[in-house]
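Novice: Got a file for you: start07.cif, mmCIF, C-alpha atoms.
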data_query
#
loop_
_atom_site.label_atom_id
_atom_site.label_comp_id
_atom_site.auth_asym_id
_atom_site.auth_seq_id
_atom_site.Cartn_x
_atom_site.Cartn_y
_atom_site.Cartn_z
CA MET L 27 153.01 1.13 133.99
CA LYS L 28 156.58 2.46 133.85
CA TYR L 29 158.05 3.99 130.70
CA ILE L 30 161.75 3.67 129.81
CA VAL L 31 163.53 5.15 126.80
CA ILE L 32 166.83 3.58 125.72
CA LEU L 33 168.44 6.19 123.47
CA GLY L 34 171.57 4.98 121.65
CA ASP L 35 172.84 8.28 120.28
CA GLY L 36 173.78 8.03 116.60
CA MET L 37 173.22 4.26 116.61
CA ALA L 38 171.70 4.05 113.10
CA ASP L 39 174.09 3.88 110.16
CA TYR L 40 174.67 3.22 106.48
CA PRO L 41 176.21 0.00 105.11
CA VAL L 42 179.75 -0.38 106.47
CA ASP L 43 182.51 -1.81 104.25
CA ALA L 44 184.26 -3.40 107.23
CA PHE L 45 181.12 -5.47 107.88
CA ASP L 46 180.58 -6.61 104.27
CA GLY L 47 177.99 -3.94 103.59
CA LYS L 48 175.98 -4.51 106.76
CA THR L 49 174.96 -1.60 108.95
CA ILE L 50 176.09 -1.48 112.58
CA LEU L 51 172.64 -2.65 113.72
CA GLU L 52 172.77 -5.55 111.25
CA ALA L 53 176.27 -6.59 112.32
CA ALA L 54 175.87 -6.21 116.09
CA ARG L 55 174.84 -9.12 118.33
CA LYS L 56 171.89 -7.80 120.33
CA PRO L 57 169.56 -10.69 121.25
CA VAL L 58 167.44 -8.82 123.82
CA ILE L 59 166.79 -5.80 121.61
CA ASP L 60 165.98 -8.15 118.72
CA TYR L 61 163.54 -10.06 120.95
CA MET L 62 161.77 -6.81 121.76
CA ALA L 63 161.61 -5.92 118.05
CA GLN L 64 160.02 -9.30 117.29
CA HIS L 65 157.49 -9.05 120.12
CA GLY L 66 156.69 -5.36 119.98
CA GLU L 67 156.10 -2.58 117.48
CA MET L 68 158.87 -1.59 115.08
CA GLY L 69 158.85 1.23 112.58
CA MET L 70 160.63 4.33 111.33
CA VAL L 71 160.47 7.86 112.68
CA LYS L 72 161.78 11.17 111.37
CA THR L 73 163.31 12.95 114.36
CA VAL L 74 164.74 15.94 112.48
CA GLN L 75 162.19 18.19 110.85
CA ASP L 76 162.86 19.46 107.33
CA GLY L 77 165.10 22.53 107.29
CA MET L 78 166.61 21.86 110.74
CA LYS L 79 170.15 20.66 111.37
CA PRO L 80 170.46 17.02 112.50
CA GLY L 81 171.98 17.77 115.87
CA SER L 82 171.51 15.72 119.01
CA ASP L 83 169.71 18.74 120.48
CA VAL L 84 166.97 18.84 117.85
CA ALA L 85 166.68 15.05 117.64
CA ASN L 86 166.53 14.33 121.39
CA LEU L 87 163.98 17.11 121.94
CA SER L 88 161.87 15.46 119.25
CA VAL L 89 162.18 12.02 120.87
CA MET L 90 161.10 13.56 124.19
CA GLY L 91 157.92 14.83 122.55
CA TYR L 92 158.80 18.47 121.85
CA ASP L 93 158.01 20.20 118.55
CA THR L 94 161.38 21.80 117.82
CA ARG L 95 159.87 24.32 115.40
CA LYS L 96 158.11 25.83 118.40
CA CYS L 97 160.62 25.41 121.24
CA TYR L 98 164.16 25.21 119.83
CA SER L 99 166.42 28.18 120.57
CA GLY L 100 169.85 26.61 120.06
CA ARG L 101 172.06 23.90 121.50
CA SER L 102 174.37 25.71 123.88
CA PRO L 103 171.62 27.29 126.03
CA LEU L 104 170.56 23.76 127.00
CA GLU L 105 174.14 23.02 128.00
CA ALA L 106 174.21 26.26 129.98
CA ALA L 107 171.21 25.02 131.96
CA SER L 108 173.07 21.82 132.79
CA ILE L 109 176.16 23.66 133.98
CA GLY L 110 173.97 25.95 136.08
CA VAL L 111 174.62 29.19 134.20
CA GLU L 112 171.71 31.60 134.61
CA LEU L 113 171.07 33.33 131.29
CA LYS L 114 169.77 36.85 130.74
CA ALA L 115 167.31 37.62 127.95
CA ASP L 116 170.05 39.27 125.85
CA ASP L 117 172.71 36.58 126.41
CA VAL L 118 173.89 34.51 123.47
CA THR L 119 175.55 31.21 124.26
CA PHE L 120 178.06 29.18 122.26
CA ARG L 121 179.32 25.62 122.63
CA THR L 122 183.08 25.76 122.99
CA ASN L 123 184.99 22.59 122.10
CA LEU L 124 188.58 21.86 122.96
CA VAL L 125 189.97 20.55 119.66
CA THR L 126 193.22 19.41 118.09
CA LEU L 127 194.21 21.35 114.96
CA SER L 128 197.23 20.74 112.75
CA ASP L 129 200.26 22.97 113.21
CA GLU L 130 200.33 25.22 110.12
CA GLU L 131 201.35 28.78 110.97
CA ASP L 132 198.29 30.41 109.39
CA PHE L 133 195.16 29.53 111.42
CA ALA L 134 193.01 29.23 108.29
CA ASP L 135 195.37 26.65 106.81
CA LYS L 136 194.93 24.23 109.71
CA THR L 137 193.05 20.92 109.58
CA MET L 138 190.57 19.59 112.15
CA LEU L 139 192.48 16.56 113.43
CA ASP L 140 190.33 15.78 116.48
CA TYR L 141 187.08 17.48 117.53
CA SER L 142 187.45 16.10 121.08
CA ALA L 143 191.18 16.64 121.75
CA GLY L 144 191.61 12.93 122.32
CA GLU L 145 188.46 12.70 124.49
CA ILE L 146 190.27 14.86 127.00
CA SER L 147 189.32 14.27 130.63
CA THR L 148 187.03 16.69 132.44
CA GLU L 149 189.75 17.38 135.00
CA GLU L 150 192.36 18.30 132.38
CA ALA L 151 189.85 20.30 130.35
CA ALA L 152 188.81 22.38 133.36
CA GLN L 153 192.40 23.58 133.79
CA LEU L 154 192.61 24.56 130.13
CA ILE L 155 189.28 26.38 130.07
CA ASP L 156 190.24 28.20 133.27
CA ALA L 157 193.40 29.37 131.51
CA VAL L 158 191.35 30.55 128.52
CA ALA L 159 188.85 32.32 130.78
CA LYS L 160 191.64 34.08 132.69
CA GLU L 161 192.90 35.66 129.46
CA LEU L 162 189.73 36.07 127.38
CA ASP L 163 186.90 36.78 129.86
CA THR L 164 185.53 40.36 129.69
CA ASP L 165 182.59 42.19 131.23
CA LYS L 166 180.47 40.85 128.36
CA ILE L 167 182.07 37.48 127.51
CA LYS L 168 182.54 34.59 129.95
CA PHE L 169 183.82 31.02 129.56
CA TYR L 170 182.58 28.09 131.65
CA SER L 171 183.98 24.55 131.88
CA GLY L 172 181.75 21.55 131.18
CA VAL L 173 182.39 17.83 130.63
CA SER L 174 185.39 16.44 128.73
CA TYR L 175 185.89 18.52 125.57
CA ARG L 176 182.45 20.24 125.77
CA HIS L 177 182.41 23.77 127.25
CA LEU L 178 180.48 27.03 127.12
CA CYS L 179 180.92 30.67 126.18
CA VAL L 180 178.29 33.30 127.05
CA TRP L 181 178.32 36.67 125.26
CA ASN L 182 175.99 39.27 126.72
CA GLY L 183 174.68 41.25 123.75
CA GLY L 184 176.12 38.83 121.19
CA SER L 185 174.39 37.85 117.97
CA VAL L 186 172.90 34.60 116.65
CA LYS L 187 173.15 35.95 113.11
CA VAL L 188 176.40 34.12 112.63
CA SER L 189 177.37 31.05 110.61
CA LEU L 190 179.24 28.48 112.72
CA THR L 191 180.14 24.85 112.03
CA PRO L 192 180.24 21.91 114.48
CA PRO L 193 183.82 20.61 114.61
CA HIS L 194 182.66 16.98 114.37
CA ASP L 195 181.26 17.83 110.93
CA ILE L 196 184.69 18.69 109.54
CA SER L 197 186.98 15.94 110.82
CA ASP L 198 190.15 15.70 108.68
CA ARG L 199 189.15 18.79 106.69
CA LYS L 200 190.93 22.12 106.34
CA ILE L 201 189.07 24.65 108.48
CA THR L 202 189.36 27.67 106.15
CA ASP L 203 185.83 27.28 104.72
CA TYR L 204 184.28 26.71 108.16
CA LEU L 205 185.53 29.69 110.16
CA PRO L 206 182.93 32.03 111.73
CA ARG L 207 181.01 34.33 109.40
CA GLY L 208 178.36 36.97 110.08
CA GLU L 209 177.64 39.31 113.00
CA GLY L 210 180.27 38.99 115.71
CA ALA L 211 182.33 36.53 113.65
CA GLU L 212 185.47 38.64 113.87
CA LYS L 213 185.46 38.53 117.68
CA LEU L 214 184.74 34.80 117.80
CA LEU L 215 187.59 34.05 115.39
CA GLU L 216 189.90 36.33 117.35
CA MET L 217 189.20 34.33 120.53
CA MET L 218 189.81 31.03 118.74
CA LYS L 219 193.18 32.30 117.51
CA GLU L 220 194.12 33.72 120.91
CA SER L 221 193.25 30.45 122.62
CA GLU L 222 195.90 28.71 120.54
CA LYS L 223 198.59 30.92 122.09
CA ILE L 224 197.20 30.36 125.59
CA LEU L 225 197.02 26.58 125.28
CA LYS L 226 200.28 25.92 123.43
CA GLU L 227 202.59 25.92 126.46
CA HIS L 228 200.09 24.80 129.08
CA PRO L 229 201.40 22.01 131.35
CA VAL L 230 198.31 19.88 130.69
CA ASN L 231 199.05 19.83 126.97
CA LYS L 232 202.74 19.16 127.51
CA ALA L 233 201.84 16.18 129.67
CA ARG L 234 199.35 14.88 127.08
CA ILE L 235 201.95 15.11 124.31
CA ALA L 236 204.48 13.29 126.50
CA ASP L 237 201.87 10.54 127.02
CA GLY L 238 201.23 10.24 123.28
CA LYS L 239 197.78 11.87 123.52
CA ASN L 240 196.30 14.61 121.36
CA PRO L 241 196.77 18.05 122.92
CA ALA L 242 193.94 20.59 123.04
CA THR L 243 195.47 23.15 120.70
CA SER L 244 192.52 25.55 120.37
CA ILE L 245 188.94 26.27 121.29
CA TRP L 246 186.31 25.91 118.57
CA ILE L 247 183.15 28.00 118.93
CA TRP L 248 179.77 26.90 117.52
CA GLY L 249 176.18 26.02 118.52
CA GLU L 250 174.86 29.56 119.10
CA GLY L 251 171.57 30.05 120.95
CA THR L 252 169.44 32.04 123.36
CA LYS L 253 167.58 31.29 126.59
CA PRO L 254 165.28 28.27 126.05
CA GLN L 255 161.62 27.88 126.98
CA LEU L 256 160.45 24.27 127.29
CA ASP L 257 157.08 23.10 128.57
CA ASN L 258 157.32 21.19 131.84
CA PHE L 259 157.46 17.46 130.98
CA GLU L 260 155.28 16.35 133.89
CA GLU L 261 152.60 18.93 133.08
CA LYS L 262 152.78 18.03 129.39
CA PHE L 263 152.56 14.24 129.75
CA GLY L 264 151.39 13.64 133.32
CA LEU L 265 154.48 11.62 134.24
CA LYS L 266 157.29 12.23 136.71
CA GLY L 267 160.45 11.98 134.62
CA SER L 268 164.14 11.32 135.17
CA VAL L 269 167.02 11.56 132.71
CA ILE L 270 170.36 9.74 132.85
CA SER L 271 173.16 11.02 130.62
CA ALA L 272 176.85 11.87 130.67
CA VAL L 273 176.56 14.95 128.44
CA ASP L 274 175.54 18.46 129.38
CA LEU L 275 173.18 18.83 126.42
CA ILE L 276 170.82 16.08 127.60
CA LYS L 277 171.16 17.07 131.25
CA GLY L 278 170.22 20.62 130.20
CA ILE L 279 167.12 19.45 128.34
CA ALA L 280 166.10 17.58 131.49
CA LYS L 281 166.51 20.62 133.71
CA CYS L 282 164.72 22.95 131.28
CA ALA L 283 161.83 20.45 131.09
CA GLY L 284 161.61 20.10 134.87
CA MET L 285 162.83 16.50 134.92
CA ASN L 286 165.26 15.00 137.41
CA SER L 287 168.78 14.81 135.95
CA ILE L 288 170.68 11.91 137.55
CA ASP L 289 174.47 11.98 137.68
CA VAL L 290 176.28 8.63 137.47
CA GLU L 291 179.85 8.38 138.68
CA GLY L 292 182.15 7.29 135.87
CA ALA L 293 179.69 8.18 133.10
CA THR L 294 181.84 9.64 130.32
CA GLY L 295 179.85 9.56 127.08
CA ASN L 296 182.26 7.15 125.38
CA CYS L 297 182.84 3.39 125.25
CA GLU L 298 184.59 3.43 128.62
CA THR L 299 181.53 4.83 130.37
CA ASN L 300 179.95 3.29 133.47
CA TRP L 301 177.32 1.21 131.65
CA GLU L 302 176.33 -0.76 134.75
CA GLY L 303 176.00 2.42 136.78
CA LYS L 304 173.63 3.93 134.22
CA ALA L 305 171.47 0.81 134.15
CA GLN L 306 171.35 0.66 137.94
CA ALA L 307 170.49 4.36 138.13
CA ALA L 308 167.57 3.78 135.75
CA LEU L 309 166.28 0.93 137.89
CA ASP L 310 166.71 3.00 141.05
CA ALA L 311 164.77 5.86 139.45
CA VAL L 312 161.87 3.53 138.64
CA LEU L 313 161.89 2.05 142.14
CA GLY L 314 162.19 5.55 143.57
CA GLY L 315 158.96 6.79 142.00
CA SER L 316 159.83 7.98 138.50
CA ASP L 317 157.16 7.08 135.96
CA PHE L 318 159.39 7.85 132.97
CA VAL L 319 163.16 7.30 132.65
CA TYR L 320 165.23 8.46 129.67
CA VAL L 321 168.58 6.65 129.46
CA HIS L 322 170.86 8.43 126.99
CA MET L 323 174.09 6.76 125.83
CA GLU L 324 176.51 8.79 123.75
CA ALA L 325 179.06 6.11 122.84
CA PRO L 326 177.65 4.99 119.44
CA ASP L 327 177.62 8.61 118.28
CA GLU L 328 181.19 9.25 119.45
CA MET L 329 182.39 6.13 117.65
CA GLY L 330 180.52 7.21 114.52
CA HIS L 331 182.28 10.57 114.57
CA GLN L 332 185.59 8.79 114.93
CA GLY L 333 184.83 6.35 112.10
CA ALA L 334 185.46 3.49 114.54
CA ALA L 335 183.18 0.75 113.21
CA ASP L 336 184.27 -2.01 115.60
CA LYS L 337 183.84 0.21 118.64
CA LYS L 338 180.44 1.45 117.48
CA LYS L 339 179.31 -2.15 117.04
CA LEU L 340 180.67 -2.96 120.51
CA ALA L 341 178.76 -0.02 122.00
CA VAL L 342 175.47 -1.34 120.60
CA GLU L 343 176.23 -4.82 121.94
CA ILE L 344 177.02 -3.44 125.40
CA ILE L 345 173.77 -1.43 125.41
CA ASP L 346 171.91 -4.67 124.69
CA ASP L 347 173.71 -6.74 127.32
CA LYS L 348 174.44 -4.36 130.17
CA VAL L 349 171.52 -1.95 129.93
CA VAL L 350 168.49 -3.41 128.11
CA LYS L 351 168.91 -6.99 129.39
CA PHE L 352 169.61 -5.78 132.94
CA LEU L 353 166.51 -3.57 133.05
CA LYS L 354 164.27 -6.21 131.42
CA ASP L 355 165.41 -8.88 133.89
CA GLU L 356 165.21 -6.67 136.98
CA LEU L 357 161.80 -5.17 136.19
CA GLU L 358 160.25 -8.52 135.35
CA LYS L 359 161.78 -10.14 138.44
CA ARG L 360 159.96 -7.50 140.50
CA GLY L 361 156.69 -7.87 138.59
CA ILE L 362 156.80 -4.28 137.33
CA ASP L 363 154.84 -3.65 134.13
CA TYR L 364 156.75 -1.47 131.69
CA ARG L 365 156.96 -0.13 128.18
CA MET L 366 160.38 0.39 126.60
CA LEU L 367 161.20 2.63 123.62
CA ILE L 368 164.52 1.76 121.98
CA MET L 369 165.96 3.99 119.25
CA PRO L 370 168.71 6.35 118.15
CA ASP L 371 168.13 10.08 117.89
CA HIS L 372 169.70 10.27 114.40
CA PRO L 373 172.17 8.26 112.32
CA THR L 374 175.90 8.99 112.59
CA PRO L 375 177.24 6.99 109.63
CA ILE L 376 180.75 5.60 109.91
CA LYS L 377 181.65 6.67 106.38
CA LEU L 378 180.53 10.27 106.91
CA LYS L 379 181.66 10.75 110.54
CA THR L 380 178.80 13.19 111.12
CA HIS L 381 175.04 13.34 111.70
CA VAL L 382 172.42 12.98 108.99
CA SER L 383 168.68 13.61 109.19
CA ASP L 384 167.48 10.25 107.77
CA PRO L 385 164.59 8.56 109.62
CA VAL L 386 165.64 6.03 112.26
CA PRO L 387 164.20 2.68 113.40
CA TYR L 388 162.39 2.44 116.71
CA ILE L 389 160.93 -0.30 118.92
CA ILE L 390 158.05 0.03 121.37
CA TYR L 391 157.93 -3.04 123.60
CA ASP L 392 155.12 -3.58 126.10
CA SER L 393 155.81 -6.21 128.77
CA THR L 394 152.06 -6.73 129.23
CA ASN L 395 151.21 -7.12 125.54
CA GLU L 396 153.71 -9.15 123.55
CA THR L 397 152.88 -9.77 119.88
CA ASP L 398 154.36 -11.88 117.09
CA ILE L 399 153.73 -9.34 114.35
CA ASN L 400 157.45 -8.98 113.62
CA ALA L 401 158.40 -12.63 114.02
CA GLY L 402 161.76 -13.26 112.42
CA LEU L 403 162.69 -9.59 112.11
CA THR L 404 165.71 -8.21 113.91
CA TYR L 405 166.12 -4.56 114.86
CA THR L 406 167.65 -2.91 111.80
CA GLU L 407 167.07 0.06 109.55
CA ALA L 408 165.83 -2.13 106.69
CA ASN L 409 163.43 -4.10 108.89
CA GLY L 410 162.06 -0.90 110.39
CA GLN L 411 161.12 0.12 106.86
CA LYS L 412 159.63 -3.30 106.10
CA THR L 413 156.94 -2.89 108.75
CA GLY L 414 155.43 0.02 106.84
CA ILE L 415 155.05 2.13 109.99
CA TYR L 416 156.41 5.65 109.46
CA ILE L 417 156.01 8.59 111.82
CA GLU L 418 156.82 11.77 109.94
CA LYS L 419 156.60 14.12 112.91
CA GLY L 420 159.07 12.72 115.40
CA TYR L 421 157.60 14.51 118.39
CA GLU L 422 154.36 12.53 117.93
CA LEU L 423 156.17 9.27 118.77
CA MET L 424 156.14 10.08 122.49
CA ASN L 425 152.33 10.08 122.67
CA ARG L 426 152.32 6.80 120.73
CA PHE L 427 154.80 5.32 123.22
CA LEU L 428 152.78 6.52 126.19
CA GLY L 429 149.54 5.19 124.68
CA LYS L 430 147.94 8.63 124.52
#
Using structure tokens, write down the structure from this file.
Specialist:
Amino acid sequence: MKYIVILGDGMADYPVDAFDGKTILEAARKPVIDYMAQHGEMGMVKTVQDGMKPGSDVANLSVMGYDTRKCYSGRSPLEAASIGVELKADDVTFRTNLVTLSDEEDFADKTMLDYSAGEISTEEAAQLIDAVAKELDTDKIKFYSGVSYRHLCVWNGGSVKVSLTPPHDISDRKITDYLPRGEGAEKLLEMMKESEKILKEHPVNKARIADGKNPATSIWIWGEGTKPQLDNFEEKFGLKGSVISAVDLIKGIAKCAGMNSIDVEGATGNCETNWEGKAQAALDAVLGGSDFVYVHMEAPDEMGHQGAADKKKLAVEIIDDKVVKFLKDELEKRGIDYRMLIMPDHPTPIKLKTHVSDPVPYIIYDSTNETDINAGLTYTEANGQKTGIYIEKGYELMNRFLGK
């Protein structure tokens, strides 16, 4: 038996006005996923434990079977693992976004126009982060470039006793109430302000403006954490695992858990990602000996943050057609028995443009044991609730999926 997780990041939603009050899952055409819902198990699962922030870090760890109350040490350390940054015990890491702020003179008066600087390319972003590092790196503080707008700062001897806000939580809001507070906040804010001066005249930004794209006007620091300690996935579950994702966070979880992190050329984390390449990589991993493959797709979440209902719906439809259908057809053609878990990590509602901790619907489909228990039900939030199955501790879903 092979085990495949299809993780549509942020796929769940609230009713969307543009779709006459339907959620994204209700509005999207997804015949293969709906078939699996009708012939498998469907229910609801709470992936974010009470009192924890509904980040993709916490939620994906939970989906992978990890109790985040015991293992979670922050988001950015997982991204550091992906980038290959070796952390010391007294290092504190921070996610560093390239963002677009409005142009008021006083930094505190600015508005968060774009948390991703127009989904800036990795190549452009690397030049900008290099420029920031050249000016702001010290013996204790170092900047590292990542993927697209997502980067890393490591502060040896820094503090996690600081209040920081994810930039995607404050889209279109004035930043004054969300600036760093607590231990070390003054230094973090100073670097954010200094980055604005460094980036303003950079050739990359001038070229982006000339092309009608959002410039990266500043860094935004958040997601503090310390060196993580995750149990080895294979030792924990007895399965050789592989992970396919475009984002450093998920790649970092894979590396910290001892799983194989597979890079796919052209995988971007948005709607223009290499969907076919991800699906093929998942199949290749199964054929190459992986017992467990975790396919993470960021696009629904990105579209949720942008409030782009049509694009979020399209992302779900592409996942159904180019990923789920492809894997179902190819595995069955080869006579390979499999179980597939399909779910989001958390909702990213269009109307809020940020994550929430509401329970999400899941499907467990077993190619060797089809049922008709959900006949007539499509894969939606409401239908997940109708089944009456509710898993309060999200990390327990993995054992249920694996039949343990």
Novice: Which residues would end up in the selection if the PyMOL selection byres ((chain L and resi 150) around 12) were applied here, given that I need the answer as a VMD selection string?
Specialist: chain L and resid 124 143 to 149 151 to 157 171 to 175 225 228 to 234 241 to 242
Novice: Under the rule that all atoms listed in the file are counted, which of L:Asp129, L:Asp135, L:Asp163, L:Glu328 is the nearest residue to Tyr204 of chain L?
Specialist: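 Of the candidates, the smallest distance to Tyr204 of chain L is held by L:Asp135.
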Novice: Which of these, L:Glu209, L:Asp371, L:Glu216, L:Asp355, has the shortest distance to Glu250 of chain L once you count all atoms listed in the file?
Specialist: L:Glu209
Novice: So that each row is one residue of segment 323-376 of chain L with an atom at most 10 Å from segment 64-67 of chain L, can you give its shortest atom pair and the distance in Å to one decimal, using only C-alpha atoms, rows by chain and rising number, as JSON lines?
Specialist:
{"residue": "L:Arg365", "atom": "CA", "partner": "L:Gly66", "partner_atom": "CA", "distance": 9.7}
{"residue": "L:Met366", "atom": "CA", "partner": "L:Gly66", "partner_atom": "CA", "distance": 9.5}
{"residue": "L:Leu367", "atom": "CA", "partner": "L:Glu67", "partner_atom": "CA", "distance": 9.5}
Novice: Write out as a list in words each polymer residue whose atoms come within 7 Å of Val118 of chain L, counting all atoms listed in the file; drop sequence neighbours fewer than 3 positions from it.
Specialist: Val180, Trp181, Asn182, Gly183, Gly184, Ser185, Val186, Glu250, Gly251 and Thr252 of chain L
Novice: Output as CSV one row per residue of segment 280-338 of chain L within 12 Å of segment 36-50 of chain L: the closest atom pair and its distance in Å to one decimal place, counting only C-alpha atoms, sorted by chain and residue number ascending.
Specialist:
residue,atom,partner,partner_atom,distance
L:His322,CA,L:Gly36,CA,10.8
L:Met323,CA,L:Gly36,CA,9.3
L:Glu324,CA,L:Gly36,CA,7.7
L:Ala325,CA,L:Gly36,CA,8.4
L:Pro326,CA,L:Met37,CA,5.3
L:Asp327,CA,L:Gly36,CA,4.2
L:Glu328,CA,L:Gly36,CA,8.0
L:Met329,CA,L:Gly36,CA,8.9
L:Gly330,CA,L:Gly36,CA,7.1
L:His331,CA,L:Gly36,CA,9.1
L:Gln332,CA,L:Gly36,CA,12.0
L:Gly333,CA,L:Val42,CA,10.1
L:Ala334,CA,L:Ala44,CA,10.1
L:Ala335,CA,L:Ala44,CA,7.4
L:Asp336,CA,L:Ala44,CA,8.5
L:Lys337,CA,L:Ile50,CA,10.0
L:Lys338,CA,L:Ile50,CA,7.2
Novice: Report the distance between atom CA of Leu340 of chain L and atom CA of Glu298 of chain L in Å, rounded to one decimal place.
Specialist: 11.0 Å
Novice: In terms of the shortest atom-to-atom distance over only C-alpha atoms, which of L:Ile32, L:Trp248, L:Val350, L:Thr137 is closest to Ile270 of chain L?
Specialist: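 That would be L:Ile32, the residue with the smallest distance to Ile270 of chain L.
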Novice: Give as a list of chain:residue names each residue that has an atom at most 10 Å from (174.9, 28.4, 123.2) in the file, counting only C-alpha atoms.
Specialist: L:Ser99, L:Gly100, L:Arg101, L:Ser102, L:Pro103, L:Leu104, L:Glu105, L:Ala106, L:Asp117, L:Val118, L:Thr119, L:Phe120, L:Arg121, L:Thr122, L:His177, L:Leu178, L:Cys179, L:Val180, L:Trp181, L:Val186, L:Ile247, L:Trp248, L:Gly249, L:Glu250, L:Gly251, L:Thr252, L:Lys253
Novice: What's around segment 261-268 of chain L at 8 Å? Count only C-alpha atoms, leave out sequence neighbours fewer than 3 positions away in its own chain, and write the answer as JSON, numbers by chain.
Specialist: {"L": [257, 258, 280, 285, 286, 287, 288, 311, 315, 316, 317, 318, 319, 320]}
Novice: Considering only C-alpha atoms, state which residue in the set L:Val269, L:Leu139, L:Leu214, L:Cys297 is at the smallest distance from Glu343 of chain L.
Specialist: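 Nearest to Glu343 of chain L: L:Cys297.
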Novice: Please evaluate the PyMOL selection byres ((chain L and resi 161) around 12) against the structure above and give the resulting residues as a PDB file with C-alpha atoms, in the frame of the given file.
Specialist:
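Contents of part.pdb, as written:
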ATOM      1  CA  LEU L 154     192.610  24.560 130.130  1.00  0.00           C
ATOM      2  CA  ILE L 155     189.280  26.380 130.070  1.00  0.00           C
ATOM      3  CA  ASP L 156     190.240  28.200 133.270  1.00  0.00           C
ATOM      4  CA  ALA L 157     193.400  29.370 131.510  1.00  0.00           C
ATOM      5  CA  VAL L 158     191.350  30.550 128.520  1.00  0.00           C
ATOM      6  CA  ALA L 159     188.850  32.320 130.780  1.00  0.00           C
ATOM      7  CA  LYS L 160     191.640  34.080 132.690  1.00  0.00           C
ATOM      8  CA  LEU L 162     189.730  36.070 127.380  1.00  0.00           C
ATOM      9  CA  ASP L 163     186.900  36.780 129.860  1.00  0.00           C
ATOM     10  CA  THR L 164     185.530  40.360 129.690  1.00  0.00           C
ATOM     11  CA  ILE L 167     182.070  37.480 127.510  1.00  0.00           C
ATOM     12  CA  LYS L 168     182.540  34.590 129.950  1.00  0.00           C
ATOM     13  CA  PHE L 169     183.820  31.020 129.560  1.00  0.00           C
ATOM     14  CA  MET L 217     189.200  34.330 120.530  1.00  0.00           C
ATOM     15  CA  GLU L 220     194.120  33.720 120.910  1.00  0.00           C
ATOM     16  CA  SER L 221     193.250  30.450 122.620  1.00  0.00           C
ATOM     17  CA  GLU L 222     195.900  28.710 120.540  1.00  0.00           C
ATOM     18  CA  LYS L 223     198.590  30.920 122.090  1.00  0.00           C
ATOM     19  CA  ILE L 224     197.200  30.360 125.590  1.00  0.00           C
ATOM     20  CA  LEU L 225     197.020  26.580 125.280  1.00  0.00           C
TER      21      LEU L 225
END
